[in-house]
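Novice: The file below is start_0.tsv, TSV, C-alpha atoms:
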chain	number	residue	atom	x	y	z
A	198	MET	CA	-62.86	134.49	-148.64
A	199	ILE	CA	-65.27	135.71	-145.96
A	200	ARG	CA	-63.05	134.37	-143.18
A	201	SER	CA	-60.04	136.20	-144.68
A	202	ILE	CA	-62.07	139.42	-144.85
A	203	SER	CA	-62.96	138.95	-141.18
A	204	LEU	CA	-59.28	138.47	-140.32
A	205	ALA	CA	-58.37	141.54	-142.35
A	206	LEU	CA	-61.00	143.55	-140.49
A	207	SER	CA	-59.51	142.57	-137.16
A	208	LEU	CA	-56.03	143.50	-138.35
A	209	CYS	CA	-57.29	146.94	-139.51
A	210	ALA	CA	-58.79	147.63	-136.13
A	211	MET	CA	-55.81	148.81	-134.05
A	212	SER	CA	-55.24	152.52	-133.32
A	213	SER	CA	-54.74	155.08	-130.58
A	214	PRO	CA	-57.80	157.25	-129.91
A	215	THR	CA	-57.85	160.99	-130.53
A	216	TRP	CA	-60.81	162.95	-129.20
A	217	ALA	CA	-62.75	165.98	-130.27
A	218	ALA	CA	-62.56	168.48	-127.40
A	219	ASP	CA	-66.25	168.52	-126.48
A	220	THR	CA	-67.84	165.36	-127.95
A	221	SER	CA	-67.89	161.99	-126.26
A	222	TRP	CA	-68.78	158.79	-128.10
A	223	THR	CA	-71.62	158.41	-125.57
A	224	ASP	CA	-73.10	161.67	-126.92
A	225	VAL	CA	-73.27	160.17	-130.43
A	226	THR	CA	-74.41	156.55	-129.90
A	227	PRO	CA	-78.02	157.53	-129.00
A	228	ARG	CA	-78.42	158.63	-132.63
A	229	LEU	CA	-78.07	154.97	-133.66
A	230	GLU	CA	-81.07	153.84	-131.62
A	231	GLY	CA	-83.76	152.24	-133.76
A	232	CYS	CA	-83.80	150.21	-136.96
A	233	TRP	CA	-82.19	150.96	-140.30
A	234	GLU	CA	-82.40	149.45	-143.79
A	235	GLY	CA	-80.27	149.98	-146.85
A	236	GLU	CA	-77.73	148.61	-149.29
A	237	GLY	CA	-74.13	147.47	-149.08
A	238	LEU	CA	-71.76	144.74	-150.28
A	239	GLY	CA	-74.14	143.99	-153.15
A	240	GLY	CA	-77.09	143.13	-150.95
A	241	GLN	CA	-79.84	144.43	-148.72
A	242	VAL	CA	-78.76	145.30	-145.18
A	243	SER	CA	-80.66	145.93	-141.94
A	244	GLU	CA	-79.53	147.00	-138.47
A	245	CYS	CA	-81.32	147.55	-135.18
A	246	TRP	CA	-79.68	149.23	-132.16
A	247	LEU	CA	-80.60	149.62	-128.48
A	248	ILE	CA	-78.78	152.21	-126.38
A	249	ALA	CA	-78.27	151.98	-122.62
A	250	ASP	CA	-78.36	155.06	-120.39
A	251	ASP	CA	-74.53	155.02	-120.18
A	252	GLY	CA	-74.23	155.20	-124.00
A	253	ARG	CA	-73.41	151.52	-124.62
A	254	ALA	CA	-74.88	150.47	-127.96
A	255	ASP	CA	-75.97	146.89	-128.70
A	256	GLY	CA	-77.19	145.91	-132.13
A	257	MET	CA	-77.80	143.32	-134.78
A	258	PHE	CA	-76.90	143.53	-138.47
A	259	LEU	CA	-78.36	141.31	-141.22
A	260	MET	CA	-77.14	141.01	-144.82
A	261	ARG	CA	-79.49	139.46	-147.39
A	262	LYS	CA	-78.58	138.56	-150.96
A	263	ASN	CA	-81.13	137.27	-153.45
A	264	ASP	CA	-83.78	137.48	-150.70
A	265	LYS	CA	-81.89	134.98	-148.51
A	266	PRO	CA	-79.91	135.56	-145.32
A	267	ASN	CA	-76.20	135.79	-146.17
A	268	PHE	CA	-74.72	136.62	-142.77
A	269	ALA	CA	-75.49	138.45	-139.55
A	270	GLU	CA	-73.51	140.26	-136.87
A	271	ILE	CA	-74.01	140.91	-133.18
A	272	LEU	CA	-72.61	144.41	-132.47
A	273	THR	CA	-71.56	146.30	-129.34
A	274	ILE	CA	-70.03	149.74	-128.85
A	275	ASP	CA	-68.64	150.28	-125.35
A	276	ASP	CA	-65.51	150.96	-123.34
A	277	PHE	CA	-64.13	147.54	-122.46
A	278	GLY	CA	-61.33	148.93	-120.26
A	279	ASP	CA	-58.87	149.91	-122.99
A	280	GLY	CA	-60.94	152.72	-124.53
A	281	PRO	CA	-64.14	152.68	-126.58
A	282	GLU	CA	-64.49	150.22	-129.44
A	283	MET	CA	-67.01	148.39	-131.55
A	284	ARG	CA	-66.90	144.63	-131.16
A	285	LEU	CA	-68.78	142.24	-133.40
A	286	LYS	CA	-69.25	138.56	-134.10
A	287	HIS	CA	-70.36	137.13	-137.45
A	288	VAL	CA	-72.66	134.22	-138.20
A	289	TYR	CA	-73.66	132.75	-141.55
A	290	GLY	CA	-77.32	132.50	-142.53
A	291	ASP	CA	-77.47	129.01	-140.97
A	292	MET	CA	-76.17	130.46	-137.63
A	293	THR	CA	-72.70	128.90	-138.03
A	294	GLY	CA	-70.15	131.26	-136.47
A	295	TRP	CA	-67.18	132.78	-138.33
A	296	GLU	CA	-64.97	133.59	-135.38
A	297	GLU	CA	-63.86	131.07	-132.79
A	298	LYS	CA	-65.94	130.93	-129.59
A	299	ASP	CA	-64.08	133.67	-127.66
A	300	ASP	CA	-62.93	135.71	-130.68
A	301	TYR	CA	-64.51	138.81	-132.18
A	302	VAL	CA	-63.65	141.62	-134.58
A	303	SER	CA	-62.72	144.90	-132.88
A	304	PHE	CA	-62.68	148.46	-134.20
A	305	LYS	CA	-61.01	150.93	-131.80
A	306	LEU	CA	-62.63	154.36	-131.64
A	307	VAL	CA	-60.37	157.06	-133.10
A	308	SER	CA	-62.64	160.12	-132.80
A	309	ALA	CA	-66.20	161.28	-132.24
A	310	ASP	CA	-68.09	164.39	-133.26
A	311	ALA	CA	-71.79	165.23	-133.42
A	312	ASP	CA	-72.31	163.47	-136.77
A	313	THR	CA	-69.51	160.89	-136.94
A	314	LEU	CA	-68.01	157.99	-135.06
A	315	THR	CA	-64.62	157.17	-136.56
A	316	PHE	CA	-63.19	153.79	-135.71
A	317	LYS	CA	-59.95	152.33	-137.07
A	318	GLY	CA	-61.26	150.69	-140.27
A	319	LEU	CA	-64.91	151.80	-139.97
A	320	VAL	CA	-66.71	155.16	-140.02
A	321	LEU	CA	-70.37	155.84	-139.13
A	322	ILE	CA	-71.66	159.12	-140.58
A	323	PHE	CA	-75.10	160.57	-139.80
A	324	ASP	CA	-76.87	162.68	-142.41
A	325	GLY	CA	-79.68	164.25	-140.40
A	326	ASP	CA	-81.78	162.03	-138.14
A	327	ASP	CA	-82.87	159.44	-140.69
A	328	LYS	CA	-79.84	158.64	-142.87
A	329	LEU	CA	-76.69	156.79	-141.91
A	330	ARG	CA	-73.69	156.03	-144.10
A	331	THR	CA	-70.96	153.65	-143.11
A	332	GLU	CA	-67.58	153.17	-144.74
A	333	LEU	CA	-65.81	149.89	-144.07
A	334	LYS	CA	-62.14	149.47	-144.95
A	335	MET	CA	-61.61	145.91	-146.17
A	336	THR	CA	-58.40	144.17	-147.16
A	337	MET	CA	-59.07	141.60	-149.84
A	338	LYS	CA	-57.29	138.24	-150.25
A	339	ASN	CA	-54.94	139.76	-152.84
A	340	GLY	CA	-53.86	142.45	-150.33
A	341	GLU	CA	-55.81	145.24	-152.02
A	342	THR	CA	-57.60	147.59	-149.62
A	343	ARG	CA	-61.08	148.78	-150.58
A	344	LEU	CA	-63.52	151.19	-148.98
A	345	MET	CA	-66.94	149.50	-148.91
A	346	PRO	CA	-69.86	151.94	-148.53
A	347	PHE	CA	-73.21	151.16	-146.91
A	348	SER	CA	-76.19	153.50	-146.98
A	349	PHE	CA	-79.05	153.21	-144.49
A	350	ARG	CA	-82.35	154.98	-143.88
A	351	ARG	CA	-84.11	154.85	-140.54
A	352	THR	CA	-87.19	152.61	-140.59
A	353	ALA	CA	-88.18	152.61	-136.91
A	354	GLN	CA	-87.54	154.54	-133.72
A	355	ILE	CA	-87.35	152.75	-130.38
A	356	ALA	CA	-89.86	154.08	-127.87
A	357	ARG	CA	-88.19	154.34	-124.48
A	358	ALA	CA	-90.36	153.79	-121.44
A	359	GLU	CA	-89.88	156.15	-118.53
A	360	ALA	CA	-88.36	154.54	-115.45
A	361	PRO	CA	-90.92	153.96	-112.69
A	362	ASP	CA	-90.72	156.30	-109.70
Spit out the file's structure as structure tokens when you get a sec.
Specialist:
Amino acid sequence: MIRSISLALSLCAMSSPTWAADTSWTDVTPRLEGCWEGEGLGGQVSECWLIADDGRADGMFLMRKNDKPNFAEILTIDDFGDGPEMRLKHVYGDMTGWEEKDDYVSFKLVSADADTLTFKGLVLIFDGDDKLRTELKMTMKNGETRLMPFSFRRTAQIARAEAPD
């Protein structure tokens, strides 16, 4: 079932971007920086993000159920030459990969504003500085589409060192 959800996620992830007039995705990604904990998909979830000076975001997501690792994701938001997108790879708790070696799930960016990054199939919504809600559109095995909510609260900020002179 998890592999079919992953396939459904990649199929949901195709769209043409539309942009808010004065907000770039690189203006919003710095708000992700740090670590977050919360709930989603019936388990406990955690994410940590690092943001580069150019706005690229790299992160890790962990899902735990019954106090055991269920799966993890390596996440990246960047412009890979065909417009901004989030790319991710899944691994089970034992580090066995879901996707083939060179495959990944992709969510094309549709729009960005000060509090929201909207990707095809996934939305990240900031509520102030310390709350983050995500909405993931999933197509189940039976073809039904569901919106799966996640709620996070910030647990740690990343302290950035100043570049040496």
Novice: Need to verify the contact set: A:Glu296, 7 Å, only C-alpha atoms, exclusion of same-chain residues closer than 5 positions in sequence. Can you return it as number ranges by chain?
Specialist: A: 286-287, 301
Novice: Atom CA of A:Asp291 and atom CA of A:Asp264, how far apart in Å?
Specialist: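 Taking atom CA of A:Asp264 and atom CA of A:Asp291, their separation equals 14.4 Å.
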Novice: Within 7 Å of stretch 325-327 of chain A, counting only C-alpha atoms, which residues show up once you throw out same-chain ones fewer than 2 positions away? Write them as a count of residues only, please.
Specialist: 4
Novice: Residues near A:Met283, anyone? I mean within 10 Å using all atoms listed in the file, not counting same-chain ones fewer than 2 positions away, as JSON, numbers by chain.
Specialist: {"A": [210, 253, 254, 255, 272, 273, 274, 275, 276, 277, 281, 285, 301, 302, 303, 304, 305, 306, 316, 317, 319]}
Novice: I'd like to know which of A:Gly280, A:Gly318, A:Pro227, A:Lys328 is closest to A:Thr352, using only C-alpha atoms.
Specialist: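 Residue with the minimum atom-to-atom distance to A:Thr352: A:Lys328.
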Novice: Find, counting all atoms listed in the file, the residue in A:Gly239, A:Asp300, A:Phe349, A:Glu332 that gets nearest to A:Phe258.
Specialist: A:Phe349
Novice: Any chance you could build stretch 243-270 of chain A out to N, CA and C atoms and write it as an mmCIF file, in the coordinates of the input?
Specialist:
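This is the output file rebuild-v3.cif:
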data_model
loop_
_atom_site.group_PDB
_atom_site.id
_atom_site.type_symbol
_atom_site.label_atom_id
_atom_site.label_comp_id
_atom_site.auth_asym_id
_atom_site.auth_seq_id
_atom_site.Cartn_x
_atom_site.Cartn_y
_atom_site.Cartn_z
ATOM 1 N N SER A 243 -79.801 145.408 -143.010
ATOM 2 C CA SER A 243 -80.660 145.930 -141.940
ATOM 3 C C SER A 243 -79.865 145.925 -140.649
ATOM 4 N N GLU A 244 -80.127 146.933 -139.806
ATOM 5 C CA GLU A 244 -79.530 147.000 -138.470
ATOM 6 C C GLU A 244 -80.592 147.476 -137.501
ATOM 7 N N CYS A 245 -80.514 147.004 -136.273
ATOM 8 C CA CYS A 245 -81.320 147.550 -135.180
ATOM 9 C C CYS A 245 -80.394 147.726 -133.981
ATOM 10 N N TRP A 246 -80.538 148.877 -133.296
ATOM 11 C CA TRP A 246 -79.680 149.230 -132.160
ATOM 12 C C TRP A 246 -80.525 149.605 -130.953
ATOM 13 N N LEU A 247 -80.072 149.187 -129.775
ATOM 14 C CA LEU A 247 -80.600 149.620 -128.480
ATOM 15 C C LEU A 247 -79.474 150.332 -127.748
ATOM 16 N N ILE A 248 -79.796 151.419 -127.068
ATOM 17 C CA ILE A 248 -78.780 152.210 -126.380
ATOM 18 C C ILE A 248 -79.109 152.247 -124.889
ATOM 19 N N ALA A 249 -78.111 151.918 -124.076
ATOM 20 C CA ALA A 249 -78.270 151.980 -122.620
ATOM 21 C C ALA A 249 -78.073 153.430 -122.156
ATOM 22 N N ASP A 250 -78.489 153.710 -120.930
ATOM 23 C CA ASP A 250 -78.360 155.060 -120.390
ATOM 24 C C ASP A 250 -76.912 155.554 -120.339
ATOM 25 N N ASP A 251 -75.944 154.625 -120.228
ATOM 26 C CA ASP A 251 -74.530 155.020 -120.180
ATOM 27 C C ASP A 251 -73.909 155.181 -121.569
ATOM 28 N N GLY A 252 -74.720 155.021 -122.636
ATOM 29 C CA GLY A 252 -74.230 155.200 -124.000
ATOM 30 C C GLY A 252 -73.844 153.911 -124.698
ATOM 31 N N ARG A 253 -73.733 152.797 -123.977
ATOM 32 C CA ARG A 253 -73.410 151.520 -124.620
ATOM 33 C C ARG A 253 -74.458 151.229 -125.686
ATOM 34 N N ALA A 254 -73.993 150.802 -126.856
ATOM 35 C CA ALA A 254 -74.880 150.470 -127.960
ATOM 36 C C ALA A 254 -74.778 148.980 -128.263
ATOM 37 N N ASP A 255 -75.917 148.310 -128.339
ATOM 38 C CA ASP A 255 -75.970 146.890 -128.700
ATOM 39 C C ASP A 255 -76.873 146.753 -129.907
ATOM 40 N N GLY A 256 -76.402 146.003 -130.909
ATOM 41 C CA GLY A 256 -77.190 145.910 -132.130
ATOM 42 C C GLY A 256 -77.037 144.588 -132.842
ATOM 43 N N MET A 257 -77.827 144.471 -133.903
ATOM 44 C CA MET A 257 -77.800 143.320 -134.780
ATOM 45 C C MET A 257 -77.819 143.805 -136.214
ATOM 46 N N PHE A 258 -77.000 143.209 -137.049
ATOM 47 C CA PHE A 258 -76.900 143.530 -138.470
ATOM 48 C C PHE A 258 -77.267 142.277 -139.249
ATOM 49 N N LEU A 259 -78.008 142.436 -140.353
ATOM 50 C CA LEU A 259 -78.360 141.310 -141.220
ATOM 51 C C LEU A 259 -78.107 141.686 -142.665
ATOM 52 N N MET A 260 -77.398 140.836 -143.390
ATOM 53 C CA MET A 260 -77.140 141.010 -144.820
ATOM 54 C C MET A 260 -77.932 139.937 -145.566
ATOM 55 N N ARG A 261 -78.725 140.386 -146.539
ATOM 56 C CA ARG A 261 -79.490 139.460 -147.390
ATOM 57 C C ARG A 261 -79.037 139.646 -148.833
ATOM 58 N N LYS A 262 -78.867 138.540 -149.524
ATOM 59 C CA LYS A 262 -78.580 138.560 -150.960
ATOM 60 C C LYS A 262 -79.569 137.627 -151.626
ATOM 61 N N ASN A 263 -80.133 138.069 -152.737
ATOM 62 C CA ASN A 263 -81.130 137.270 -153.450
ATOM 63 C C ASN A 263 -82.255 136.823 -152.528
ATOM 64 N N ASP A 264 -82.683 137.731 -151.649
ATOM 65 C CA ASP A 264 -83.780 137.480 -150.700
ATOM 66 C C ASP A 264 -83.520 136.345 -149.725
ATOM 67 N N LYS A 265 -82.243 136.013 -149.483
ATOM 68 C CA LYS A 265 -81.890 134.980 -148.510
ATOM 69 C C LYS A 265 -80.858 135.524 -147.550
ATOM 70 N N PRO A 266 -80.925 135.114 -146.268
ATOM 71 C CA PRO A 266 -79.910 135.560 -145.320
ATOM 72 C C PRO A 266 -78.518 135.122 -145.777
ATOM 73 N N ASN A 267 -77.573 136.074 -145.791
ATOM 74 C CA ASN A 267 -76.200 135.790 -146.170
ATOM 75 C C ASN A 267 -75.334 135.660 -144.921
ATOM 76 N N PHE A 268 -75.392 136.684 -144.060
ATOM 77 C CA PHE A 268 -74.720 136.620 -142.770
ATOM 78 C C PHE A 268 -75.327 137.666 -141.841
ATOM 79 N N ALA A 269 -75.023 137.519 -140.562
ATOM 80 C CA ALA A 269 -75.490 138.450 -139.550
ATOM 81 C C ALA A 269 -74.336 138.778 -138.607
ATOM 82 N N GLU A 270 -74.504 139.864 -137.867
ATOM 83 C CA GLU A 270 -73.510 140.260 -136.870
ATOM 84 C C GLU A 270 -74.226 140.679 -135.587
#
